[in-house]
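Visitor: Got a file for you: my_file09.cif, mmCIF, C-alpha atoms.
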data_final
loop_
_atom_site.label_atom_id
_atom_site.label_comp_id
_atom_site.auth_asym_id
_atom_site.auth_seq_id
_atom_site.Cartn_x
_atom_site.Cartn_y
_atom_site.Cartn_z
CA MET A 2 -25.77 -40.17 42.53
CA ARG A 3 -29.09 -39.32 40.90
CA GLN A 4 -30.87 -42.33 39.49
CA SER A 5 -33.82 -41.03 37.45
CA VAL A 6 -34.89 -38.25 35.11
CA GLY A 7 -37.07 -36.90 37.91
CA GLU A 8 -33.92 -36.25 39.92
CA PHE A 9 -32.26 -34.06 37.31
CA SER A 10 -31.16 -30.67 38.63
CA PRO A 11 -32.94 -27.57 37.29
CA GLU A 12 -29.84 -26.69 35.22
CA VAL A 13 -29.82 -30.11 33.56
CA LEU A 14 -33.57 -29.96 32.92
CA GLU A 15 -33.01 -26.61 31.23
CA PHE A 16 -30.24 -28.19 29.13
CA ALA A 17 -32.60 -31.04 28.18
CA GLY A 18 -35.10 -28.49 26.91
CA ARG A 19 -32.45 -27.00 24.63
CA ILE A 20 -30.93 -30.24 23.41
CA CYS A 21 -32.30 -29.77 19.88
CA ASP A 22 -30.32 -26.52 19.64
CA TYR A 23 -27.16 -28.34 20.69
CA GLU A 24 -27.81 -31.07 18.13
CA ALA A 25 -28.18 -28.45 15.40
CA ALA A 26 -24.93 -26.82 16.51
CA ALA A 27 -23.15 -30.20 16.54
CA GLU A 28 -24.24 -30.98 12.99
CA ALA A 29 -23.23 -27.52 11.76
CA ILE A 30 -19.78 -27.92 13.35
CA ARG A 31 -19.42 -31.42 11.89
CA LYS A 32 -20.23 -30.17 8.38
CA CYS A 33 -17.80 -27.29 8.81
CA ILE A 34 -15.00 -29.68 9.81
CA VAL A 35 -15.76 -32.01 6.89
CA ALA A 36 -15.63 -29.04 4.51
CA ARG A 37 -12.31 -27.87 5.97
CA LEU A 38 -10.72 -31.31 5.65
CA ARG A 39 -12.01 -31.62 2.09
CA ASP A 40 -10.83 -28.15 1.10
CA ASP A 41 -7.41 -28.78 2.60
CA GLY A 42 -7.11 -32.19 0.95
CA LEU A 43 -6.66 -33.98 4.29
CA ASN A 44 -7.47 -37.67 4.01
CA HIS A 45 -9.94 -39.07 6.55
CA HIS A 46 -12.29 -41.99 7.03
CA ASP A 47 -15.21 -40.42 8.88
CA VAL A 48 -16.34 -37.44 10.97
CA ARG A 49 -19.02 -38.05 13.62
CA CYS A 50 -20.70 -35.86 16.21
CA ARG A 51 -22.82 -36.35 19.32
CA VAL A 52 -24.46 -34.33 22.08
CA LYS A 53 -24.25 -35.52 25.69
CA THR A 54 -27.47 -36.96 27.07
CA PRO A 55 -29.05 -35.25 30.10
CA LYS A 56 -28.22 -38.37 32.13
CA SER A 57 -24.55 -38.16 31.17
CA VAL A 58 -24.46 -34.43 31.94
CA GLN A 59 -26.02 -34.98 35.37
CA GLU A 60 -23.60 -37.78 36.21
CA LYS A 61 -20.65 -35.55 35.32
CA LEU A 62 -21.94 -32.63 37.36
CA ASP A 63 -22.49 -34.93 40.36
CA ARG A 64 -18.83 -35.97 40.52
CA ARG A 65 -16.93 -34.82 43.59
CA ASP A 66 -13.26 -34.45 44.42
CA GLU A 67 -11.59 -35.91 47.52
CA PHE A 68 -12.87 -33.00 49.60
CA GLY A 69 -16.47 -33.43 48.47
CA ARG A 70 -16.43 -30.38 46.20
CA PRO A 71 -17.97 -30.51 42.69
CA ARG A 72 -15.37 -31.37 40.05
CA TYR A 73 -17.36 -29.43 37.46
CA PRO A 74 -18.99 -26.41 39.12
CA GLY A 75 -21.15 -23.96 37.25
CA GLY A 76 -23.70 -26.19 35.54
CA PRO A 77 -23.89 -27.58 31.98
CA ASP A 78 -22.86 -24.35 30.29
CA ASN A 79 -19.39 -24.71 31.81
CA LEU A 80 -18.84 -28.17 30.31
CA ASP A 81 -16.66 -28.14 27.19
CA ASP A 82 -17.80 -31.54 25.92
CA LEU A 83 -21.56 -31.10 25.62
CA ILE A 84 -20.81 -31.38 21.91
CA GLY A 85 -18.26 -33.99 20.87
CA VAL A 86 -16.79 -34.61 17.42
CA ARG A 87 -14.70 -37.61 16.42
CA VAL A 88 -12.44 -37.52 13.36
CA ILE A 89 -11.30 -40.97 12.25
CA LEU A 90 -8.16 -41.11 10.09
CA PHE A 91 -6.30 -43.78 8.15
CA VAL A 92 -2.70 -42.97 9.03
CA GLU A 93 -1.45 -41.85 12.45
CA THR A 94 0.82 -39.18 10.98
CA ASP A 95 -2.28 -37.40 9.61
CA ILE A 96 -3.50 -36.67 13.14
CA LYS A 97 -1.07 -33.77 13.52
CA ALA A 98 -2.07 -32.23 10.17
CA VAL A 99 -5.77 -32.38 11.05
CA ALA A 100 -5.12 -30.89 14.49
CA ILE A 101 -3.26 -27.97 12.91
CA ALA A 102 -6.06 -27.41 10.37
CA LEU A 103 -8.79 -27.36 13.04
CA THR A 104 -6.90 -25.16 15.49
CA SER A 105 -6.38 -22.64 12.69
CA GLN A 106 -10.12 -22.57 11.99
CA PHE A 107 -11.42 -22.53 15.57
CA ILE A 108 -10.13 -21.07 18.85
CA CYS A 109 -8.13 -23.74 20.69
CA HIS A 110 -8.39 -23.88 24.50
CA ASP A 111 -6.70 -27.23 25.05
CA ASP A 112 -4.75 -29.81 23.07
CA GLU A 113 -3.89 -33.08 24.80
CA ASP A 114 -2.59 -36.36 23.41
CA LYS A 115 -4.30 -38.66 25.91
CA THR A 116 -3.04 -41.81 24.17
CA ALA A 117 0.55 -40.64 24.72
CA VAL A 118 -0.22 -40.00 28.40
CA ILE A 119 -1.65 -43.51 28.79
CA ARG A 120 1.45 -45.05 27.22
CA LYS A 121 3.79 -42.89 29.30
CA ASN A 122 2.10 -44.13 32.47
CA GLY A 123 2.46 -47.74 31.38
CA GLY A 124 -1.20 -48.24 30.52
CA ILE A 125 -2.89 -49.56 27.40
CA GLY A 126 -5.58 -48.13 25.20
CA TYR A 127 -6.38 -45.31 22.80
CA ALA A 128 -8.02 -42.26 24.35
CA GLY A 129 -7.01 -40.27 21.28
CA ARG A 130 -5.78 -36.72 20.83
CA HIS A 131 -8.33 -34.33 22.32
CA LEU A 132 -8.85 -30.71 21.26
CA THR A 133 -11.10 -28.30 23.13
CA LEU A 134 -12.22 -25.76 20.52
CA GLU A 135 -14.56 -22.80 20.28
CA VAL A 136 -16.41 -21.25 17.35
CA PRO A 137 -14.88 -17.77 16.97
CA VAL A 138 -17.13 -14.82 17.73
CA ASP A 139 -15.34 -12.81 15.06
CA SER A 140 -15.30 -14.36 11.58
CA PRO A 141 -16.88 -17.75 12.43
CA PRO A 142 -16.54 -20.46 9.76
CA VAL A 143 -19.26 -20.62 7.13
CA GLY A 144 -22.28 -22.44 8.53
CA CYS A 145 -21.41 -21.77 12.18
CA GLU A 146 -22.49 -18.14 12.33
CA ALA A 147 -25.40 -18.97 14.65
CA TYR A 148 -23.13 -20.74 17.13
CA ARG A 149 -20.48 -18.12 17.96
CA GLY A 150 -18.77 -18.88 21.25
CA GLN A 151 -19.91 -22.53 21.33
CA ARG A 152 -17.25 -24.80 22.79
CA PHE A 153 -16.85 -28.42 21.77
CA GLU A 154 -14.41 -31.29 22.01
CA VAL A 155 -12.76 -33.04 19.06
CA GLN A 156 -11.20 -36.50 19.34
CA LEU A 157 -8.71 -37.68 16.70
CA ARG A 158 -8.00 -41.40 16.17
CA THR A 159 -6.95 -43.80 13.44
CA VAL A 160 -9.40 -46.42 12.20
CA LEU A 161 -7.56 -49.15 14.12
CA GLN A 162 -7.41 -47.12 17.33
CA HIS A 163 -11.12 -46.39 16.98
CA ALA A 164 -12.00 -50.08 16.56
CA TRP A 165 -9.98 -51.02 19.67
CA ALA A 166 -11.45 -48.23 21.79
CA GLU A 167 -15.04 -48.93 20.75
CA PHE A 168 -14.74 -52.63 21.53
CA GLU A 169 -13.02 -51.94 24.85
CA HIS A 170 -15.72 -49.41 25.77
CA ASP A 171 -18.46 -51.89 24.87
CA ILE A 172 -16.97 -54.53 27.15
CA ARG A 173 -16.45 -52.04 29.97
CA PHE A 174 -19.96 -50.58 29.56
CA LYS A 175 -21.53 -54.03 29.88
CA GLY A 176 -19.56 -54.48 33.10
CA THR A 177 -19.10 -58.21 32.61
CA HIS A 178 -15.76 -59.72 33.65
CA VAL A 179 -14.07 -56.32 33.23
CA ASP A 180 -11.29 -57.26 35.67
CA ASN A 181 -10.78 -60.74 34.26
CA ALA A 182 -7.01 -61.32 33.88
CA GLU A 183 -7.40 -63.27 30.64
CA ILE A 184 -9.46 -60.48 29.06
CA SER A 185 -6.98 -57.83 30.26
CA ARG A 186 -4.09 -59.78 28.75
CA ALA A 187 -5.93 -60.14 25.44
CA PHE A 188 -6.61 -56.38 25.33
CA THR A 189 -2.94 -55.69 26.04
CA MET A 190 -1.85 -57.94 23.18
CA ALA A 191 -4.42 -56.40 20.82
CA SER A 192 -3.27 -52.89 21.75
CA THR A 193 0.35 -53.79 20.97
CA LEU A 194 -0.59 -55.32 17.62
CA ILE A 195 -2.66 -52.30 16.66
CA GLU A 196 0.19 -49.95 17.54
CA LEU A 197 2.52 -51.99 15.35
CA ALA A 198 -0.04 -52.07 12.52
CA ASP A 199 -0.44 -48.28 12.65
CA GLN A 200 3.34 -47.95 12.38
CA GLN A 201 3.38 -50.26 9.36
CA PHE A 202 0.63 -48.23 7.67
CA VAL A 203 2.84 -45.16 8.07
CA ASN A 204 5.78 -47.12 6.65
CA ILE A 205 3.70 -48.30 3.69
CA SER A 206 2.64 -44.73 2.97
CA ASP A 207 6.26 -43.56 3.09
CA ILE A 208 7.46 -46.45 0.88
CA LEU A 209 4.78 -45.73 -1.72
CA LYS A 210 5.83 -42.09 -1.85
CA ARG A 211 9.44 -43.12 -2.40
CA LEU A 212 8.67 -45.72 -5.06
CA GLN A 213 6.30 -43.49 -6.93
CA SER A 214 8.75 -40.61 -6.86
CA GLU A 215 11.32 -42.90 -8.50
CA THR A 216 8.95 -44.07 -11.23
CA ALA A 217 9.16 -42.16 -14.48
CA ALA A 218 5.75 -41.50 -15.94
CA ASN A 219 5.09 -41.61 -19.69
CA GLY A 220 4.91 -37.96 -20.66
CA SER A 221 2.45 -38.50 -23.53
CA GLN A 222 0.05 -40.42 -21.31
CA VAL A 223 -3.45 -39.03 -20.99
CA LEU A 224 -3.87 -37.76 -17.46
CA ASP A 225 -5.98 -39.87 -15.09
CA ALA A 226 -6.30 -40.07 -11.30
CA ASP A 227 -3.54 -42.68 -10.88
CA SER A 228 -0.99 -40.95 -13.10
CA LEU A 229 -1.81 -37.62 -11.48
CA GLN A 230 -1.17 -38.96 -7.98
CA LEU A 231 2.09 -40.49 -9.19
CA LEU A 232 3.11 -37.14 -10.64
CA LEU A 233 2.17 -35.19 -7.50
CA ASP A 234 4.11 -37.61 -5.32
CA ARG A 235 7.21 -36.73 -7.34
CA ALA A 236 6.47 -33.01 -7.44
CA PHE A 237 5.26 -32.63 -3.82
CA PRO A 238 6.84 -35.41 -1.71
CA ALA A 239 6.59 -33.27 1.43
CA PHE A 240 2.80 -32.85 1.22
CA PRO A 241 0.31 -35.51 2.38
CA HIS A 242 -1.95 -37.45 0.06
CA SER A 243 -5.44 -36.16 -0.56
CA ARG A 244 -8.55 -38.33 -0.69
CA ALA A 245 -8.63 -40.70 -3.65
CA SER A 246 -11.76 -39.05 -5.09
CA GLN A 247 -10.06 -35.67 -5.07
CA TYR A 248 -7.45 -36.75 -7.61
CA GLN A 249 -10.19 -37.55 -10.11
CA TRP A 250 -11.77 -34.19 -9.34
CA LEU A 251 -8.42 -32.50 -10.00
CA VAL A 252 -8.11 -34.34 -13.33
CA GLU A 253 -11.41 -32.71 -14.36
CA VAL A 254 -10.24 -29.33 -13.08
CA LEU A 255 -6.99 -29.61 -15.05
CA ALA A 256 -8.85 -30.69 -18.18
CA ALA A 257 -11.14 -27.65 -17.87
CA SER A 258 -7.98 -25.54 -17.68
CA GLY A 259 -6.44 -27.11 -20.80
CA TYR A 260 -4.06 -29.64 -19.18
CA CYS A 261 -4.86 -33.17 -20.36
CA THR A 262 -1.54 -35.04 -20.44
CA VAL A 263 1.19 -35.88 -17.98
CA ALA A 264 3.72 -34.03 -20.16
CA ALA A 265 1.64 -30.84 -20.06
CA ILE A 266 1.42 -30.93 -16.28
CA GLU A 267 5.13 -31.65 -15.89
CA GLN A 268 5.94 -28.69 -18.12
CA TRP A 269 3.60 -26.47 -16.12
CA PHE A 270 5.30 -27.47 -12.88
CA ALA A 271 8.67 -26.62 -14.43
CA ASP A 272 7.48 -23.14 -15.42
CA ILE A 273 6.02 -21.95 -12.10
CA ASP A 274 7.48 -20.94 -8.78
CA GLN A 275 5.78 -23.40 -6.43
CA GLY A 276 7.55 -22.11 -3.35
CA ALA A 277 6.37 -18.55 -3.91
CA VAL A 278 2.73 -19.60 -4.08
CA VAL A 279 2.99 -21.76 -0.97
CA ALA A 280 4.65 -18.88 0.88
CA SER A 281 2.03 -16.38 -0.29
CA MET A 282 -0.82 -18.52 1.07
CA GLY A 283 0.74 -18.48 4.54
CA TYR A 284 -0.54 -21.98 5.33
CA ARG A 285 -0.87 -22.62 9.08
CA PHE A 286 -1.12 -26.34 8.34
CA THR A 287 0.40 -28.76 5.87
CA PRO A 288 -2.06 -28.84 2.96
CA GLY A 289 -2.82 -31.89 0.88
CA GLN A 290 -1.45 -32.23 -2.63
CA VAL A 291 -4.74 -31.40 -4.34
CA ARG A 292 -5.19 -28.18 -2.37
CA VAL A 293 -1.66 -27.05 -3.26
CA VAL A 294 -2.22 -27.62 -6.99
CA ASP A 295 -5.61 -25.88 -6.81
CA ASP A 296 -3.88 -22.82 -5.36
CA LEU A 297 -1.05 -23.00 -7.89
CA LEU A 298 -3.56 -23.03 -10.75
CA LEU A 299 -5.49 -20.17 -9.18
CA LYS A 300 -2.32 -18.08 -8.81
CA THR A 301 -1.14 -18.85 -12.34
CA LEU A 302 -4.42 -18.46 -14.24
CA GLY A 303 -6.41 -16.06 -12.05
CA GLU A 304 -9.97 -15.14 -13.03
CA PRO A 305 -10.13 -17.45 -16.09
CA TYR A 306 -9.40 -20.38 -13.77
CA ILE A 307 -12.35 -19.43 -11.57
CA ASP A 308 -14.66 -19.16 -14.58
CA ALA A 309 -13.47 -22.48 -16.03
CA THR A 310 -13.66 -24.56 -12.84
CA LYS A 311 -16.29 -22.98 -10.57
CA ASN A 312 -18.85 -25.63 -11.52
CA VAL A 313 -16.53 -28.66 -11.45
CA GLY A 314 -17.63 -31.00 -8.65
CA ASN A 315 -20.47 -30.52 -6.19
CA ASP A 316 -19.15 -27.67 -4.04
CA PHE A 317 -21.67 -24.89 -4.66
CA ASN A 318 -19.54 -22.43 -2.72
CA ARG A 319 -16.41 -23.02 -4.81
CA GLU A 320 -16.56 -19.75 -6.75
CA GLY A 321 -16.72 -17.68 -3.57
CA LYS A 322 -13.88 -19.63 -1.96
CA LEU A 323 -11.70 -19.23 -5.04
CA ARG A 324 -12.24 -15.47 -5.15
CA PHE A 325 -11.45 -15.28 -1.43
CA ARG A 326 -8.19 -17.18 -1.91
CA LEU A 327 -7.25 -15.22 -5.05
CA ARG A 328 -7.41 -11.97 -3.08
CA ARG A 329 -4.95 -13.48 -0.60
CA LEU A 330 -2.64 -14.63 -3.38
CA ARG A 331 -2.68 -11.10 -4.80
CA GLY A 332 -1.66 -9.62 -1.45
CA VAL A 333 -5.06 -8.77 0.00
CA HIS A 334 -4.90 -10.69 3.27
CA PRO A 335 -8.24 -11.92 4.65
CA GLN A 336 -8.22 -13.20 8.20
CA SER A 337 -8.19 -16.92 7.37
CA THR A 338 -7.73 -19.33 4.47
#
Since I need it in another form, could you write the structure as structure tokens?

Guide:
Amino acid sequence: MRQSVGEFSPEVLEFAGRICDYEAAAEAIRKCIVARLRDDGLNHHDVRCRVKTPKSVQEKLDRRDEFGRPRYPGGPDNLDDLIGVRVILFVETDIKAVAIALTSQFICHDDEDKTAVIRKNGGIGYAGRHLTLEVPVDSPPVGCEAYRGQRFEVQLRTVLQHAWAEFEHDIRFKGTHVDNAEISRAFTMASTLIELADQQFVNISDILKRLQSETAANGSQVLDADSLQLLLDRAFPAFPHSRASQYQWLVEVLAASGYCTVAAIEQWFADIDQGAVVASMGYRFTPGQVRVVDDLLLKTLGEPYIDATKNVGNDFNREGKLRFRLRRLRGVHPQST
């Protein structure tokens, strides 16, 4: 195994000279993913990115199989994880929705639930769900045009899984008492508790949906973020929650469109064909509640909705996105949502 920078192979030295380009690509991909999750109303805690260090790349390329052959032939350009992205979520059931959203935006080469594999084999830990994705050459997402064909790896975890994995990695990286039986037992117990806690978070989310759907809102109440979420939980129980800040944004959007009370929104829901709009969008993922209502308003009000709400919030590209989606709703089918 190579021990110093001076022992890097020519291919790795070339990679090191281009590392700034990879860092720029990683940040562009991260921003694109954040924008997609925000647009789709998918709740998340954080999105992080990193580029492998030359040392890490060299160590990976130096690995050999049982016959002494390179496990990763072809140099750095053949490694899919030079760029890594980690999406940290609150609820485990959101992992699937995020995976569907990202695989509809990028080309997917591999999708593996490594945590499930660990559990199936009787092990402990949280390796996460790993996606190997590629920026499409045709119609790349906005902001990634300069990185067509770039492959990268995405890891999906909950906040609790992330905390466990980071602490376990820190202990293992330090290499101190890694095989200590007492430490191993403590990690096993912690892993079990975290798995149970994640299950309870899912239960809490489901219970809240049920309770809120059973609660009758005061129809004359002035619309605010809390009453809006309560209303959407009743109207769209099958769709996941959006980020808390997005409900307040939607209150402002609704106000700009002339809907200021709970009663007005309830009446609007009663007058529209929600299913038709959802079907016309051809969602390849389960959208969040806020995204669904945004599309319903766009379908119902058309161009006046764009003019009234294009400057609500801090998304400077909102007008263009709305016009793009309106064409789809009217039967002009662009390649992606």

Visitor: Applying 9 Å and all atoms listed in the file, which residues near Thr287 of chain A remain after dropping the ones on its own chain fewer than 6 positions away? List them as a PyMOL selection string.

Guide: chain A and resi 41+43+98-99+101-102+239-241

Visitor: Quick one: residues within 12 Å of Ile195 of chain A, all atoms listed in the file, excluding same-chain residues fewer than 3 positions away - as a ChimeraX atom specification?

Guide: /A:93,125-127,159-166,188-192,198-202

Visitor: Specify as an MDAnalysis selection string each residue included when the PyMOL selection byres ((chain A and resi 262) around 10) is applied to this file.

Guide: chainID A and resid 219:225 228:229 252 255:256 259:261 263:267

Visitor: Here is a test: counting all atoms listed in the file, which residue of A:Val291, A:Leu251, A:Ile84, A:Leu14 is nearest to Asn44 of chain A?

Guide: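 Of all the options, A:Val291 lies closest to Asn44 of chain A.
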
Visitor: Which residue, A:Arg149, A:Lys97, A:Arg19, A:Arg292, has the smallest gap to Leu132 of chain A when you use all atoms listed in the file?

Guide: A:Lys97

Visitor: Pick out the residues sitting within 12 Å of Cys21 of chain A, and hand them over as a list of chain:residue names; count only C-alpha atoms, and ignore anything fewer than 6 positions along from it in its own chain.

Guide: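 The residues satisfying every condition are A:Glu15, A:Ala27, A:Glu28, A:Arg51, A:Val52, A:Lys53, A:Thr54, A:Ile84.
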
Visitor: Counting all atoms listed in the file, which residue out of A:Leu62, A:Val254, A:Ile30, A:Val155 sits closest to Val86 of chain A?

Guide: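 Using all atoms listed in the file, the shortest distance to Val86 of chain A belongs to A:Val155.
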
Visitor: Please indicate the distance in Å from atom CA of Arg329 of chain A to atom CA of Ile307 of chain A, rounded to one decimal place.

Guide: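 Value for the atom CA of Arg329 of chain A-atom CA of Ile307 of chain A distance: 14.5 Å.
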
Visitor: Determine the nearest neighbour of Arg331 of chain A from the options A:Asp308, A:Asp296, A:Asp316, A:Glu135, counting only C-alpha atoms.

Guide: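 Closest residue, counting only C-alpha atoms: A:Asp296.
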
Visitor: Using the chain letters and numbering of this document, enumerate as JSON, numbers by chain the residues selected by the PyMOL selection byres ((chain A and resi 326) around 12).

Guide: {"A": [40, 278, 281, 282, 283, 284, 292, 293, 295, 296, 297, 298, 299, 300, 303, 304, 307, 319, 320, 321, 322, 323, 324, 325, 327, 328, 329, 330, 331, 332, 333, 334, 335, 336, 337, 338]}

Visitor: Compare A:Arg72, A:Asp95, A:Thr104, A:Thr133 by their minimum atom-to-atom distance to Arg37 of chain A, counting all atoms listed in the file, and give me the closest one.

Guide: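 Checking each of A:Arg72, A:Asp95, A:Thr104, A:Thr133 against Arg37 of chain A, counting all atoms listed in the file, the winner is A:Thr104.
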
Visitor: Determine the nearest neighbour of Pro142 of chain A from the options A:Ile119, A:Asp234, A:Asp78, A:Val35, counting only C-alpha atoms.

Guide: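 Counting only C-alpha atoms, the residue closest to Pro142 of chain A is A:Val35.
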
Visitor: Can you tell me how far atom CA of Ser105 of chain A sits from atom CA of Leu38 of chain A, in Å to one decimal?

Guide: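 Between atom CA of Ser105 of chain A and atom CA of Leu38 of chain A the gap works out to 12.0 Å.
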
Visitor: Can you list what the PyMOL selection byres ((chain A and resi 141) around 12) grabs from this structure, as a PDB file with C-alpha atoms, keeping the file's coordinate frame?

Guide:
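Okay, part.pdb is ready:
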ATOM      1  CA  ALA A  29     -23.230 -27.520  11.760  1.00  0.00           C
ATOM      2  CA  ILE A  30     -19.780 -27.920  13.350  1.00  0.00           C
ATOM      3  CA  CYS A  33     -17.800 -27.290   8.810  1.00  0.00           C
ATOM      4  CA  SER A 105      -6.380 -22.640  12.690  1.00  0.00           C
ATOM      5  CA  GLN A 106     -10.120 -22.570  11.990  1.00  0.00           C
ATOM      6  CA  PHE A 107     -11.420 -22.530  15.570  1.00  0.00           C
ATOM      7  CA  ILE A 108     -10.130 -21.070  18.850  1.00  0.00           C
ATOM      8  CA  GLU A 135     -14.560 -22.800  20.280  1.00  0.00           C
ATOM      9  CA  VAL A 136     -16.410 -21.250  17.350  1.00  0.00           C
ATOM     10  CA  PRO A 137     -14.880 -17.770  16.970  1.00  0.00           C
ATOM     11  CA  VAL A 138     -17.130 -14.820  17.730  1.00  0.00           C
ATOM     12  CA  ASP A 139     -15.340 -12.810  15.060  1.00  0.00           C
ATOM     13  CA  SER A 140     -15.300 -14.360  11.580  1.00  0.00           C
ATOM     14  CA  PRO A 142     -16.540 -20.460   9.760  1.00  0.00           C
ATOM     15  CA  VAL A 143     -19.260 -20.620   7.130  1.00  0.00           C
ATOM     16  CA  GLY A 144     -22.280 -22.440   8.530  1.00  0.00           C
ATOM     17  CA  CYS A 145     -21.410 -21.770  12.180  1.00  0.00           C
ATOM     18  CA  GLU A 146     -22.490 -18.140  12.330  1.00  0.00           C
ATOM     19  CA  ALA A 147     -25.400 -18.970  14.650  1.00  0.00           C
ATOM     20  CA  TYR A 148     -23.130 -20.740  17.130  1.00  0.00           C
ATOM     21  CA  ARG A 149     -20.480 -18.120  17.960  1.00  0.00           C
ATOM     22  CA  GLY A 150     -18.770 -18.880  21.250  1.00  0.00           C
ATOM     23  CA  GLN A 151     -19.910 -22.530  21.330  1.00  0.00           C
ATOM     24  CA  GLN A 336      -8.220 -13.200   8.200  1.00  0.00           C
ATOM     25  CA  SER A 337      -8.190 -16.920   7.370  1.00  0.00           C
TER      26      SER A 337
END

Visitor: Do you have the atom CA of Asn122 of chain A-atom CA of Glu167 of chain A distance handy?

Guide: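 These atoms are spaced 21.3 Å apart.
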
Visitor: Tell me, as a list in words, which residues lie within 9 Å of Gly314 of chain A, counting all atoms listed in the file; anything in the same chain fewer than 3 positions away does not count.

Guide: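 Counting all atoms listed in the file, the residues come to Trp250, Glu253, Val254, Thr310, Lys311, Phe317 and Arg319 of chain A.
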
Visitor: As a list in words, please: the residues near Arg49 of chain A (cut-off 9 Å, only C-alpha atoms, same-chain neighbours under 3 positions excluded).

Guide: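 My list of contacting residues is Glu28, Arg31, Gly85, Val86, Arg87, Val88 and Ile89 of chain A.
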